[in-house]
>>> print(open('query-v6.pdb').read())   # PDB, C-alpha atoms and all ligand atoms
ATOM      1  CA  MET A 160     231.096-171.149-196.420
ATOM      2  CA  GLU A 161     230.962-167.605-197.843
ATOM      3  CA  THR A 162     227.811-167.228-195.790
ATOM      4  CA  VAL A 163     229.651-167.894-192.506
ATOM      5  CA  LEU A 164     231.061-165.262-190.149
ATOM      6  CA  GLY A 165     232.064-165.365-186.507
ATOM      7  CA  VAL A 166     234.141-164.161-183.611
ATOM      8  CA  ILE A 167     237.351-165.768-182.332
ATOM      9  CA  GLY A 168     238.655-165.428-178.791
ATOM     10  CA  SER A 169     239.270-167.160-175.476
ATOM     11  CA  PRO A 170     237.080-167.155-173.434
ATOM     12  CA  ILE A 171     234.285-166.724-175.969
ATOM     13  CA  SER A 172     231.143-168.488-174.709
ATOM     14  CA  HIS A 173     229.906-165.275-173.015
ATOM     15  CA  SER A 174     230.118-163.240-176.247
ATOM     16  CA  LEU A 175     226.972-161.364-177.280
ATOM     17  CA  SER A 176     228.305-160.901-180.839
ATOM     18  CA  PRO A 177     226.566-164.001-182.312
ATOM     19  CA  ILE A 178     223.058-163.006-181.182
ATOM     20  CA  MET A 179     223.639-159.352-182.102
ATOM     21  CA  HIS A 180     224.838-160.109-185.648
ATOM     22  CA  LYS A 181     222.214-162.818-186.221
ATOM     23  CA  ALA A 182     219.513-160.301-185.264
ATOM     24  CA  ALA A 183     220.892-157.947-187.925
ATOM     25  CA  TYR A 184     220.879-160.703-190.599
ATOM     26  CA  ASP A 185     217.303-161.674-189.700
ATOM     27  CA  GLU A 186     216.161-158.059-189.800
ATOM     28  CA  LEU A 187     217.603-157.515-193.296
ATOM     29  CA  GLY A 188     216.788-161.002-194.621
ATOM     30  CA  LEU A 189     220.466-161.900-195.108
ATOM     31  CA  ASP A 190     221.083-165.653-195.352
ATOM     32  CA  TYR A 191     224.258-165.712-193.231
ATOM     33  CA  THR A 192     225.326-167.335-189.952
ATOM     34  CA  TYR A 193     227.636-165.977-187.235
ATOM     35  CA  HIS A 194     229.379-168.300-184.761
ATOM     36  CA  ALA A 195     231.540-167.985-181.636
ATOM     37  CA  PHE A 196     234.792-169.910-182.198
ATOM     38  CA  HIS A 197     236.917-170.763-179.167
ATOM     39  CA  VAL A 198     240.515-170.275-180.331
ATOM     40  CA  GLU A 199     243.545-170.551-178.042
ATOM     41  CA  SER A 200     246.741-168.620-178.832
ATOM     42  CA  ASN A 201     248.549-171.714-180.140
ATOM     43  CA  GLU A 202     245.636-172.310-182.564
ATOM     44  CA  LEU A 203     245.457-168.770-183.954
ATOM     45  CA  LYS A 204     247.467-169.305-187.140
ATOM     46  CA  ALA A 205     245.478-172.433-188.034
ATOM     47  CA  ALA A 206     242.229-170.567-187.353
ATOM     48  CA  ILE A 207     243.202-167.694-189.654
ATOM     49  CA  ASP A 208     244.416-170.100-192.352
ATOM     50  CA  GLY A 209     240.961-171.673-191.984
ATOM     51  CA  VAL A 210     239.260-168.380-192.883
ATOM     52  CA  LYS A 211     240.931-168.549-196.304
ATOM     53  CA  GLY A 212     240.775-172.325-196.632
ATOM     54  CA  LEU A 213     237.075-172.511-195.833
ATOM     55  CA  GLY A 214     236.196-169.195-197.448
ATOM     56  CA  LEU A 215     234.613-167.529-194.397
ATOM     57  CA  LYS A 216     233.278-164.046-195.178
ATOM     58  CA  GLY A 217     234.890-162.461-192.141
ATOM     59  CA  LEU A 218     235.602-162.533-188.436
ATOM     60  CA  ASN A 219     235.581-160.405-185.338
ATOM     61  CA  VAL A 220     238.589-160.839-183.093
ATOM     62  CA  THR A 221     238.540-160.441-179.332
ATOM     63  CA  ILE A 222     240.757-161.043-176.272
ATOM     64  CA  PRO A 223     243.524-162.268-176.399
ATOM     65  CA  HIS A 224     244.122-162.168-180.184
ATOM     66  CA  LYS A 225     243.614-158.527-181.243
ATOM     67  CA  VAL A 226     247.352-157.796-181.469
ATOM     68  CA  SER A 227     248.807-161.208-182.355
ATOM     69  CA  VAL A 228     246.394-161.780-185.260
ATOM     70  CA  ILE A 229     248.019-158.952-187.265
ATOM     71  CA  GLN A 230     250.980-161.117-188.320
ATOM     72  CA  TYR A 231     248.637-163.546-190.129
ATOM     73  CA  LEU A 232     246.721-160.966-192.209
ATOM     74  CA  ASP A 233     247.507-159.703-195.742
ATOM     75  CA  HIS A 234     246.661-156.003-195.261
ATOM     76  CA  ILE A 235     246.054-153.816-192.225
ATOM     77  CA  ASP A 236     243.907-150.696-192.451
ATOM     78  CA  PRO A 237     245.950-147.570-191.482
ATOM     79  CA  LEU A 238     243.881-146.845-188.321
ATOM     80  CA  ALA A 239     244.203-150.453-187.119
ATOM     81  CA  LYS A 240     247.939-150.232-187.824
ATOM     82  CA  GLU A 241     248.221-147.078-185.740
ATOM     83  CA  ILE A 242     246.203-148.645-182.903
ATOM     84  CA  GLY A 243     248.251-151.829-183.245
ATOM     85  CA  ALA A 244     245.214-154.082-182.912
ATOM     86  CA  VAL A 245     242.557-155.642-185.147
ATOM     87  CA  ASN A 246     238.988-156.524-184.131
ATOM     88  CA  THR A 247     237.508-157.119-187.591
ATOM     89  CA  ILE A 248     238.738-159.208-190.539
ATOM     90  CA  VAL A 249     237.265-158.969-194.034
ATOM     91  CA  ASN A 250     237.970-161.866-196.421
ATOM     92  CA  ASP A 251     238.112-160.069-199.767
ATOM     93  CA  GLY A 252     238.302-162.929-202.269
ATOM     94  CA  GLY A 253     241.121-164.672-200.360
ATOM     95  CA  THR A 254     242.872-161.503-199.185
ATOM     96  CA  LEU A 255     242.453-160.949-195.442
ATOM     97  CA  ILE A 256     242.158-157.286-194.415
ATOM     98  CA  GLY A 257     242.318-156.225-190.756
ATOM     99  CA  TYR A 258     240.372-153.279-189.321
ATOM    100  CA  ASN A 259     239.781-151.848-185.856
ATOM    101  CA  THR A 260     236.228-150.594-185.238
ATOM    102  CA  ASP A 261     236.461-150.305-181.419
ATOM    103  CA  GLY A 262     237.594-146.676-181.254
ATOM    104  CA  GLU A 263     235.328-145.428-184.036
ATOM    105  CA  GLY A 264     232.497-147.378-182.444
ATOM    106  CA  TYR A 265     233.097-145.582-179.166
ATOM    107  CA  VAL A 266     233.260-142.147-180.824
ATOM    108  CA  LYS A 267     230.011-142.826-182.714
ATOM    109  CA  SER A 268     228.281-143.911-179.511
ATOM    110  CA  LEU A 269     229.521-140.783-177.716
ATOM    111  CA  ILE A 270     228.453-138.347-180.458
ATOM    112  CA  ASN A 271     225.096-140.093-180.682
ATOM    113  CA  ARG A 272     224.557-139.840-176.919
ATOM    114  CA  LEU A 273     225.741-136.228-176.604
ATOM    115  CA  GLY A 274     223.832-135.141-179.685
ATOM    116  CA  THR A 275     226.663-132.745-180.647
ATOM    117  CA  SER A 276     230.136-132.879-182.148
ATOM    118  CA  LEU A 277     233.155-133.350-179.887
ATOM    119  CA  THR A 278     234.748-130.010-180.757
ATOM    120  CA  ASN A 279     236.034-128.114-177.688
ATOM    121  CA  ARG A 280     235.543-131.131-175.397
ATOM    122  CA  ARG A 281     238.115-131.814-172.698
ATOM    123  CA  VAL A 282     238.408-135.553-172.175
ATOM    124  CA  LEU A 283     240.008-137.574-169.377
ATOM    125  CA  ILE A 284     240.747-141.223-170.213
ATOM    126  CA  ILE A 285     241.452-143.611-167.340
ATOM    127  CA  GLY A 286     243.491-146.604-168.510
ATOM    128  CA  ALA A 287     246.076-147.147-171.221
ATOM    129  CA  GLY A 288     245.454-150.727-172.380
ATOM    130  CA  GLY A 289     244.232-151.990-175.760
ATOM    131  CA  ALA A 290     240.720-150.528-175.619
ATOM    132  CA  SER A 291     242.074-147.224-174.352
ATOM    133  CA  LYS A 292     244.465-146.948-177.280
ATOM    134  CA  ALA A 293     241.642-147.424-179.796
ATOM    135  CA  VAL A 294     239.366-144.958-177.979
ATOM    136  CA  ALA A 295     242.089-142.344-177.346
ATOM    137  CA  LEU A 296     243.350-142.298-180.950
ATOM    138  CA  SER A 297     239.847-142.121-182.408
ATOM    139  CA  LEU A 298     238.902-139.299-180.010
ATOM    140  CA  ALA A 299     242.141-137.473-180.781
ATOM    141  CA  LYS A 300     241.210-137.532-184.476
ATOM    142  CA  SER A 301     237.621-136.422-183.855
ATOM    143  CA  GLY A 302     238.293-132.811-182.910
ATOM    144  CA  VAL A 303     238.361-132.870-179.095
ATOM    145  CA  GLU A 304     240.248-129.943-177.563
ATOM    146  CA  THR A 305     242.423-131.935-175.182
ATOM    147  CA  ILE A 306     242.938-135.465-173.884
ATOM    148  CA  GLY A 307     244.307-136.295-170.444
ATOM    149  CA  ILE A 308     245.386-139.899-169.938
ATOM    150  CA  THR A 309     245.890-141.484-166.536
ATOM    151  CA  ASN A 310     246.864-145.049-165.717
ATOM    152  CA  ARG A 311     248.208-147.209-162.886
ATOM    153  CA  THR A 312     251.316-147.721-165.015
ATOM    154  CA  LEU A 313     252.183-144.107-165.859
ATOM    155  CA  SER A 314     254.678-145.011-168.614
ATOM    156  CA  LYS A 315     251.833-146.544-170.656
ATOM    157  CA  ALA A 316     249.787-143.341-170.301
ATOM    158  CA  GLU A 317     252.842-141.351-171.424
ATOM    159  CA  GLY A 318     253.307-143.595-174.468
ATOM    160  CA  LEU A 319     249.650-143.231-175.437
ATOM    161  CA  SER A 320     249.699-139.473-174.939
ATOM    162  CA  LEU A 321     252.633-139.278-177.370
ATOM    163  CA  ILE A 322     250.702-141.303-179.975
ATOM    164  CA  CYS A 323     247.729-138.893-179.662
ATOM    165  CA  SER A 324     249.834-135.727-179.727
ATOM    166  CA  PRO A 325     249.962-135.247-183.542
ATOM    167  CA  TYR A 326     246.144-134.978-183.555
ATOM    168  CA  THR A 327     245.248-133.062-180.394
ATOM    169  CA  GLN A 328     246.676-131.576-177.228
ATOM    170  CA  SER A 329     247.388-134.518-174.914
ATOM    171  CA  GLU A 330     248.893-135.033-171.488
ATOM    172  CA  ALA A 331     249.672-138.027-169.252
ATOM    173  CA  MET A 332     249.170-137.756-165.498
ATOM    174  CA  THR A 333     249.167-139.906-162.388
ATOM    175  CA  LEU A 334     245.886-141.189-160.946
ATOM    176  CA  GLY A 335     246.274-138.785-158.008
ATOM    177  CA  ILE A 336     246.720-135.739-160.251
ATOM    178  CA  ALA A 337     243.768-136.795-162.418
ATOM    179  CA  GLN A 338     241.554-137.015-159.318
ATOM    180  CA  ALA A 339     242.673-133.587-158.167
ATOM    181  CA  ARG A 340     242.122-132.009-161.618
ATOM    182  CA  LEU A 341     238.769-133.667-162.352
ATOM    183  CA  THR A 342     236.935-130.343-162.783
ATOM    184  CA  GLU A 343     239.158-129.503-165.795
ATOM    185  CA  PHE A 344     237.485-132.260-167.855
ATOM    186  CA  ASP A 345     233.916-132.431-169.138
ATOM    187  CA  ILE A 346     234.039-136.037-170.420
ATOM    188  CA  ILE A 347     235.565-138.770-168.216
ATOM    189  CA  ILE A 348     235.971-142.287-169.588
ATOM    190  CA  ASN A 349     236.928-145.444-167.710
ATOM    191  CA  THR A 350     238.675-147.800-170.133
ATOM    192  CA  THR A 351     240.160-150.035-167.430
ATOM    193  CA  SER A 352     238.650-153.348-166.344
ATOM    194  CA  ILE A 353     238.232-152.034-162.778
ATOM    195  CA  GLY A 354     234.664-152.486-161.550
ATOM    196  CA  MET A 355     233.895-155.387-163.858
ATOM    197  CA  THR A 356     232.099-158.452-162.444
ATOM    198  CA  PRO A 357     233.029-159.962-159.984
ATOM    199  CA  ASP A 358     234.972-156.982-158.529
ATOM    200  CA  ILE A 359     231.973-154.670-158.704
ATOM    201  CA  GLU A 360     232.832-152.566-155.632
ATOM    202  CA  LYS A 361     236.093-151.229-157.152
ATOM    203  CA  MET A 362     236.480-147.762-158.685
ATOM    204  CA  PRO A 363     239.307-146.698-161.067
ATOM    205  CA  ILE A 364     239.579-143.232-159.439
ATOM    206  CA  SER A 365     237.702-141.233-156.816
ATOM    207  CA  LEU A 366     234.965-138.976-158.198
ATOM    208  CA  GLU A 367     234.920-136.723-155.137
ATOM    209  CA  LYS A 368     235.778-133.616-157.184
ATOM    210  CA  LEU A 369     233.435-134.401-160.109
ATOM    211  CA  SER A 370     231.459-131.392-161.393
ATOM    212  CA  LYS A 371     227.687-131.639-161.765
ATOM    213  CA  GLY A 372     226.807-131.861-165.464
ATOM    214  CA  SER A 373     229.967-133.748-166.456
ATOM    215  CA  PHE A 374     229.618-136.715-168.811
ATOM    216  CA  VAL A 375     231.000-139.959-167.372
ATOM    217  CA  SER A 376     231.319-143.131-169.366
ATOM    218  CA  ASP A 377     232.530-146.675-168.719
ATOM    219  CA  LEU A 378     233.482-149.219-171.392
ATOM    220  CA  ILE A 379     232.231-151.965-169.073
ATOM    221  CA  TYR A 380     228.646-153.274-169.447
ATOM    222  CA  ASN A 381     228.900-156.164-166.981
ATOM    223  CA  PRO A 382     227.655-155.023-164.495
ATOM    224  CA  PHE A 383     225.277-152.923-166.568
ATOM    225  CA  GLN A 384     226.022-149.914-164.380
ATOM    226  CA  THR A 385     229.390-149.995-162.617
ATOM    227  CA  ARG A 386     229.904-148.421-159.200
ATOM    228  CA  PHE A 387     231.888-145.727-161.063
ATOM    229  CA  LEU A 388     228.782-144.823-163.091
ATOM    230  CA  CYS A 389     226.469-145.074-160.043
ATOM    231  CA  GLU A 390     228.668-142.647-158.081
ATOM    232  CA  ALA A 391     228.889-140.297-161.069
ATOM    233  CA  GLU A 392     225.107-140.291-161.457
ATOM    234  CA  LYS A 393     224.680-139.502-157.751
ATOM    235  CA  LYS A 394     226.903-136.463-158.293
ATOM    236  CA  GLY A 395     224.669-135.190-161.095
ATOM    237  CA  ALA A 396     226.663-136.448-164.081
ATOM    238  CA  ASN A 397     225.183-137.867-167.294
ATOM    239  CA  ILE A 398     226.372-141.430-167.775
ATOM    240  CA  MET A 399     226.888-144.038-170.522
ATOM    241  CA  ASN A 400     227.900-147.687-170.137
ATOM    242  CA  GLY A 401     229.761-149.848-172.686
ATOM    243  CA  VAL A 402     226.703-151.247-174.488
ATOM    244  CA  ASP A 403     226.586-148.529-177.140
ATOM    245  CA  MET A 404     230.299-148.932-177.940
ATOM    246  CA  PHE A 405     229.784-152.684-178.278
ATOM    247  CA  VAL A 406     226.824-152.193-180.618
ATOM    248  CA  TYR A 407     228.544-149.545-182.772
ATOM    249  CA  GLN A 408     231.801-151.505-183.142
ATOM    250  CA  GLY A 409     229.652-154.433-184.314
ATOM    251  CA  ALA A 410     227.649-152.213-186.665
ATOM    252  CA  LEU A 411     230.835-150.826-188.239
ATOM    253  CA  ALA A 412     232.142-154.384-188.739
ATOM    254  CA  PHE A 413     228.790-155.344-190.320
ATOM    255  CA  GLU A 414     229.086-152.425-192.735
ATOM    256  CA  LYS A 415     232.596-153.521-193.787
ATOM    257  CA  TRP A 416     231.358-157.043-194.541
ATOM    258  CA  PHE A 417     228.060-156.185-196.238
ATOM    259  CA  ASP A 418     228.586-152.651-197.548
ATOM    260  CA  LYS A 419     225.161-151.655-196.235
ATOM    261  CA  GLU A 420     223.877-149.766-193.227
ATOM    262  CA  ALA A 421     223.580-151.889-190.091
ATOM    263  CA  PRO A 422     220.197-152.060-188.322
ATOM    264  CA  ILE A 423     221.502-150.436-185.120
ATOM    265  CA  LYS A 424     218.208-150.393-183.210
ATOM    266  CA  VAL A 425     217.578-154.118-183.647
ATOM    267  CA  MET A 426     221.187-154.893-182.713
ATOM    268  CA  LYS A 427     221.018-152.770-179.556
ATOM    269  CA  ASP A 428     217.593-154.078-178.500
ATOM    270  CA  THR A 429     218.890-157.638-178.870
ATOM    271  CA  VAL A 430     221.947-156.931-176.714
ATOM    272  CA  LEU A 431     219.868-155.168-174.046
ATOM    273  CA  LYS A 432     217.361-158.021-173.964
ATOM    274  CA  ASN A 433     220.172-160.522-173.456
ATOM    275  CA  LEU A 434     221.697-158.429-170.698
ATOM    276  CA  GLY A 435     218.484-158.932-168.740
ATOM    277  CA  GLY A 436     216.000-156.608-170.339
ATOM    278  CA  VAL A 437     217.562-153.454-168.913
ATOM    279  CA  LYS A 438     217.143-150.226-170.838
TER     280      LYS A 438
HETATM  281  P1  LIG B   1     243.845-154.337-171.226
HETATM  282  O1  LIG B   1     244.527-154.075-172.510
HETATM  283  O2  LIG B   1     244.238-155.518-170.412
HETATM  284  O3  LIG B   1     244.007-152.994-170.317
HETATM  285  C1  LIG B   1     243.572-153.004-168.973
HETATM  286  C2  LIG B   1     243.672-151.605-168.371
HETATM  287  O4  LIG B   1     243.114-151.645-167.050
HETATM  288  C3  LIG B   1     245.095-151.078-168.218
HETATM  289  O5  LIG B   1     245.089-149.677-168.285
HETATM  290  C4  LIG B   1     245.438-151.537-166.782
HETATM  291  O6  LIG B   1     246.430-150.750-166.147
HETATM  292  C5  LIG B   1     244.121-151.299-166.088
HETATM  293  N1  LIG B   1     243.963-152.151-164.901
HETATM  294  C6  LIG B   1     243.589-153.440-164.874
HETATM  295  N2  LIG B   1     243.530-153.883-163.599
HETATM  296  C7  LIG B   1     243.884-152.847-162.804
HETATM  297  C8  LIG B   1     244.003-152.651-161.400
HETATM  298  N3  LIG B   1     243.743-153.632-160.540
HETATM  299  N4  LIG B   1     244.370-151.439-160.925
HETATM  300  C9  LIG B   1     244.629-150.408-161.792
HETATM  301  N5  LIG B   1     244.532-150.533-163.143
HETATM  302  C10 LIG B   1     244.170-151.722-163.653
HETATM  303  O7  LIG B   1     242.261-154.498-171.427
HETATM  304  P2  LIG B   1     241.359-153.848-172.588
HETATM  305  O8  LIG B   1     241.233-154.812-173.705
HETATM  306  O9  LIG B   1     241.853-152.496-172.861
HETATM  307  O10 LIG B   1     239.901-153.803-171.887
HETATM  308  C11 LIG B   1     239.645-152.887-170.842
HETATM  309  C12 LIG B   1     238.160-152.863-170.518
HETATM  310  O11 LIG B   1     237.415-152.385-171.645
HETATM  311  C13 LIG B   1     237.576-154.241-170.172
HETATM  312  O12 LIG B   1     236.689-154.097-169.090
HETATM  313  C14 LIG B   1     236.812-154.628-171.421
HETATM  314  O13 LIG B   1     235.713-155.490-171.157
HETATM  315  C15 LIG B   1     236.325-153.259-171.899
HETATM  316  N6  LIG B   1     236.028-153.222-173.343
HETATM  317  C16 LIG B   1     234.748-152.911-173.717
HETATM  318  C17 LIG B   1     234.428-152.859-175.068
HETATM  319  C18 LIG B   1     233.025-152.517-175.486
HETATM  320  O14 LIG B   1     232.682-152.747-176.660
HETATM  321  N7  LIG B   1     232.206-151.958-174.617
HETATM  322  C19 LIG B   1     235.416-153.126-176.041
HETATM  323  C20 LIG B   1     236.713-153.420-175.629
HETATM  324  C21 LIG B   1     237.008-153.479-174.262
HETATM  325  P3  LIG B   1     248.012-151.137-166.290
HETATM  326  O15 LIG B   1     248.424-150.624-167.636
HETATM  327  O16 LIG B   1     248.652-150.438-165.161
HETATM  328  O17 LIG B   1     248.092-152.634-166.190
END
>>> encode(input="query-v6.pdb", output="structure tokens")
Amino acid sequence: METVLGVIGSPISHSLSPIMHKAAYDELGLDYTYHAFHVESNELKAAIDGVKGLGLKGLNVTIPHKVSVIQYLDHIDPLAKEIGAVNTIVNDGGTLIGYNTDGEGYVKSLINRLGTSLTNRRVLIIGAGGASKAVALSLAKSGVETIGITNRTLSKAEGLSLICSPYTQSEAMTLGIAQARLTEFDIIINTTSIGMTPDIEKMPISLEKLSKGSFVSDLIYNPFQTRFLCEAEKKGANIMNGVDMFVYQGALAFEKWFDKEAPIKVMKDTVLKNLGGVK
């Protein structure tokens, strides 16, 4: 079973992780398999015990287990501890170590797309849920000049701003203030689930005041291009959907399991092909 990996979550049948990781194994000639395991919350402990019992090499963890899985692991990487969520488990000879590659995956995808470092960037993050926390903390540590955080529930944005404040200048604000101050930011990131299929007409904030040349990104990749990204593009912004983050978080997990560079291009091409051949 040391050749078995997988992802646990509920729902899980839609996950693109199995085909993405299998493509990487095929590319590098690795004799491993990667499965999607449907695990409900009341089955989580048994599932994690099973990783040790069966000797699985590792797991990815997705909704709704990223926070609750922590209690069943032996060690938590400091970044995952700070984020308070785990998306990758490494089984190191019977010791289960939890990591979070979501935020670093996002930062890598952003740097790759921009082609420059993030120094002096002014970032607005919309949302303050689990994905936002990973993205905000990783951005805060990557040298951005300032981070504004806005969210329907302002207290969550305030809490997240406080967590980021040791690493960069950060500020929480209401959705209305964020909309009014849009020109102060050059990177705007939607980390909420607003605009996801089936509610594809919804927008997290109005982009009326968006400056031409801004960079607008959405963690969502279903639909491939949210209305938020379509409107941003119409206003002359450069845009990025959530595919690259998904690929890079998977690549970072791969590198923790195999200690070798992940074949990013093959992984991304496989995901794009399975999203309908869009580029
Ligand atoms: P989460 O923890 O449940 O957070 C959801 C966020 O969306 C919160 O900020 C919430 O605001 C906001 N929200 C939800 N419905 C809303 C509504 N009707 N009006 C206003 N705000 C609303 O979820 P998550 O795990 O962070 O995931 C968020 C999104 O990121 C999802 O679309 C997910 O698919 C995507 N994601 C993508 C990747 C990737 O690899 N591309 C990875 C992880 C997540 P409140 O705090 O006010 O409730």
>>> resolve_selection(input="query-v6.pdb", expression="the PyMOL selection byres (((not hetatm)) within 10 of (chain B and resi 1))", output="PDB file with C-alpha atoms, keeping the file's coordinate frame")
ATOM      1  CA  THR A 221     238.540-160.441-179.332  1.00  0.00           C
ATOM      2  CA  ILE A 222     240.757-161.043-176.272  1.00  0.00           C
ATOM      3  CA  PRO A 223     243.524-162.268-176.399  1.00  0.00           C
ATOM      4  CA  LYS A 225     243.614-158.527-181.243  1.00  0.00           C
ATOM      5  CA  ASN A 246     238.988-156.524-184.131  1.00  0.00           C
ATOM      6  CA  THR A 260     236.228-150.594-185.238  1.00  0.00           C
ATOM      7  CA  ASP A 261     236.461-150.305-181.419  1.00  0.00           C
ATOM      8  CA  GLY A 262     237.594-146.676-181.254  1.00  0.00           C
ATOM      9  CA  GLY A 264     232.497-147.378-182.444  1.00  0.00           C
ATOM     10  CA  TYR A 265     233.097-145.582-179.166  1.00  0.00           C
ATOM     11  CA  ILE A 284     240.747-141.223-170.213  1.00  0.00           C
ATOM     12  CA  ILE A 285     241.452-143.611-167.340  1.00  0.00           C
ATOM     13  CA  GLY A 286     243.491-146.604-168.510  1.00  0.00           C
ATOM     14  CA  ALA A 287     246.076-147.147-171.221  1.00  0.00           C
ATOM     15  CA  GLY A 288     245.454-150.727-172.380  1.00  0.00           C
ATOM     16  CA  GLY A 289     244.232-151.990-175.760  1.00  0.00           C
ATOM     17  CA  ALA A 290     240.720-150.528-175.619  1.00  0.00           C
ATOM     18  CA  SER A 291     242.074-147.224-174.352  1.00  0.00           C
ATOM     19  CA  LYS A 292     244.465-146.948-177.280  1.00  0.00           C
ATOM     20  CA  ALA A 293     241.642-147.424-179.796  1.00  0.00           C
ATOM     21  CA  VAL A 294     239.366-144.958-177.979  1.00  0.00           C
ATOM     22  CA  ILE A 308     245.386-139.899-169.938  1.00  0.00           C
ATOM     23  CA  THR A 309     245.890-141.484-166.536  1.00  0.00           C
ATOM     24  CA  ASN A 310     246.864-145.049-165.717  1.00  0.00           C
ATOM     25  CA  ARG A 311     248.208-147.209-162.886  1.00  0.00           C
ATOM     26  CA  THR A 312     251.316-147.721-165.015  1.00  0.00           C
ATOM     27  CA  LEU A 313     252.183-144.107-165.859  1.00  0.00           C
ATOM     28  CA  SER A 314     254.678-145.011-168.614  1.00  0.00           C
ATOM     29  CA  LYS A 315     251.833-146.544-170.656  1.00  0.00           C
ATOM     30  CA  ALA A 316     249.787-143.341-170.301  1.00  0.00           C
ATOM     31  CA  LEU A 334     245.886-141.189-160.946  1.00  0.00           C
ATOM     32  CA  ASN A 349     236.928-145.444-167.710  1.00  0.00           C
ATOM     33  CA  THR A 350     238.675-147.800-170.133  1.00  0.00           C
ATOM     34  CA  THR A 351     240.160-150.035-167.430  1.00  0.00           C
ATOM     35  CA  SER A 352     238.650-153.348-166.344  1.00  0.00           C
ATOM     36  CA  ILE A 353     238.232-152.034-162.778  1.00  0.00           C
ATOM     37  CA  GLY A 354     234.664-152.486-161.550  1.00  0.00           C
ATOM     38  CA  MET A 355     233.895-155.387-163.858  1.00  0.00           C
ATOM     39  CA  THR A 356     232.099-158.452-162.444  1.00  0.00           C
ATOM     40  CA  ASP A 358     234.972-156.982-158.529  1.00  0.00           C
ATOM     41  CA  LYS A 361     236.093-151.229-157.152  1.00  0.00           C
ATOM     42  CA  MET A 362     236.480-147.762-158.685  1.00  0.00           C
ATOM     43  CA  PRO A 363     239.307-146.698-161.067  1.00  0.00           C
ATOM     44  CA  ILE A 364     239.579-143.232-159.439  1.00  0.00           C
ATOM     45  CA  ASP A 377     232.530-146.675-168.719  1.00  0.00           C
ATOM     46  CA  LEU A 378     233.482-149.219-171.392  1.00  0.00           C
ATOM     47  CA  ILE A 379     232.231-151.965-169.073  1.00  0.00           C
ATOM     48  CA  TYR A 380     228.646-153.274-169.447  1.00  0.00           C
ATOM     49  CA  ASN A 381     228.900-156.164-166.981  1.00  0.00           C
ATOM     50  CA  ASN A 400     227.900-147.687-170.137  1.00  0.00           C
ATOM     51  CA  GLY A 401     229.761-149.848-172.686  1.00  0.00           C
ATOM     52  CA  VAL A 402     226.703-151.247-174.488  1.00  0.00           C
ATOM     53  CA  ASP A 403     226.586-148.529-177.140  1.00  0.00           C
ATOM     54  CA  MET A 404     230.299-148.932-177.940  1.00  0.00           C
ATOM     55  CA  PHE A 405     229.784-152.684-178.278  1.00  0.00           C
ATOM     56  CA  VAL A 406     226.824-152.193-180.618  1.00  0.00           C
ATOM     57  CA  TYR A 407     228.544-149.545-182.772  1.00  0.00           C
ATOM     58  CA  GLN A 408     231.801-151.505-183.142  1.00  0.00           C
ATOM     59  CA  GLY A 409     229.652-154.433-184.314  1.00  0.00           C
TER      60      GLY A 409
END
>>> closest_residue(input="query-v6.pdb", among="A:Met179, A:Ile322, A:Leu269, A:Gly307", to="Leu431 of chain A", atoms="all atoms listed in the file")
A:Met179
>>> residues_around(input="query-v6.pdb", residues="Asn219 of chain A", least_positions_apart="3", cutoff="12 Å", atoms="only C-alpha atoms", output="ChimeraX atom specification")
/A:163-168,171,174-177,180,193-196,207,210,215-216,222,224-225,228,244-250,256-261,405,408-413,415-416
>>> residues_around(input="query-v6.pdb", residues="Tyr191 of chain A", least_positions_apart="3", cutoff="9 Å", atoms="only C-alpha atoms", output="MDAnalysis selection string")
chainID A and resid 161:164 181 184:185 188
>>> axis_aligned_box(input="query-v6.pdb", around="segment 346-365 of chain A", padding_each_side="4 Å", output="JSON")
{"center_x": 236.1, "center_y": -148.0, "center_z": -163.0, "size_x": 16.2, "size_y": 31.9, "size_z": 22.8}
>>> decode(input="query-v6.pdb", residues="segment 267-284 of chain A", atoms="C-alpha atoms", output="PDB file, in the first residue's frame")
ATOM      1  CA  LYS A 267       3.601  30.516  -6.854  1.00  0.00           C
ATOM      2  CA  SER A 268       0.842  30.751  -9.455  1.00  0.00           C
ATOM      3  CA  LEU A 269       0.672  34.535  -9.015  1.00  0.00           C
ATOM      4  CA  ILE A 270       4.441  35.099  -9.279  1.00  0.00           C
ATOM      5  CA  ASN A 271       4.558  32.806 -12.295  1.00  0.00           C
ATOM      6  CA  ARG A 272       1.733  34.696 -14.016  1.00  0.00           C
ATOM      7  CA  LEU A 273       3.041  38.181 -13.183  1.00  0.00           C
ATOM      8  CA  GLY A 274       6.602  37.256 -14.065  1.00  0.00           C
ATOM      9  CA  THR A 275       7.923  39.433 -11.203  1.00  0.00           C
ATOM     10  CA  SER A 276       8.226  39.323  -7.431  1.00  0.00           C
ATOM     11  CA  LEU A 277       5.380  40.616  -5.268  1.00  0.00           C
ATOM     12  CA  THR A 278       7.419  43.390  -3.656  1.00  0.00           C
ATOM     13  CA  ASN A 279       5.558  46.734  -3.514  1.00  0.00           C
ATOM     14  CA  ARG A 280       2.245  45.138  -4.552  1.00  0.00           C
ATOM     15  CA  ARG A 281      -0.959  46.365  -2.940  1.00  0.00           C
ATOM     16  CA  VAL A 282      -3.385  43.474  -2.636  1.00  0.00           C
ATOM     17  CA  LEU A 283      -7.119  43.402  -1.907  1.00  0.00           C
ATOM     18  CA  ILE A 284      -8.494  40.035  -0.753  1.00  0.00           C
TER      19      ILE A 284
END
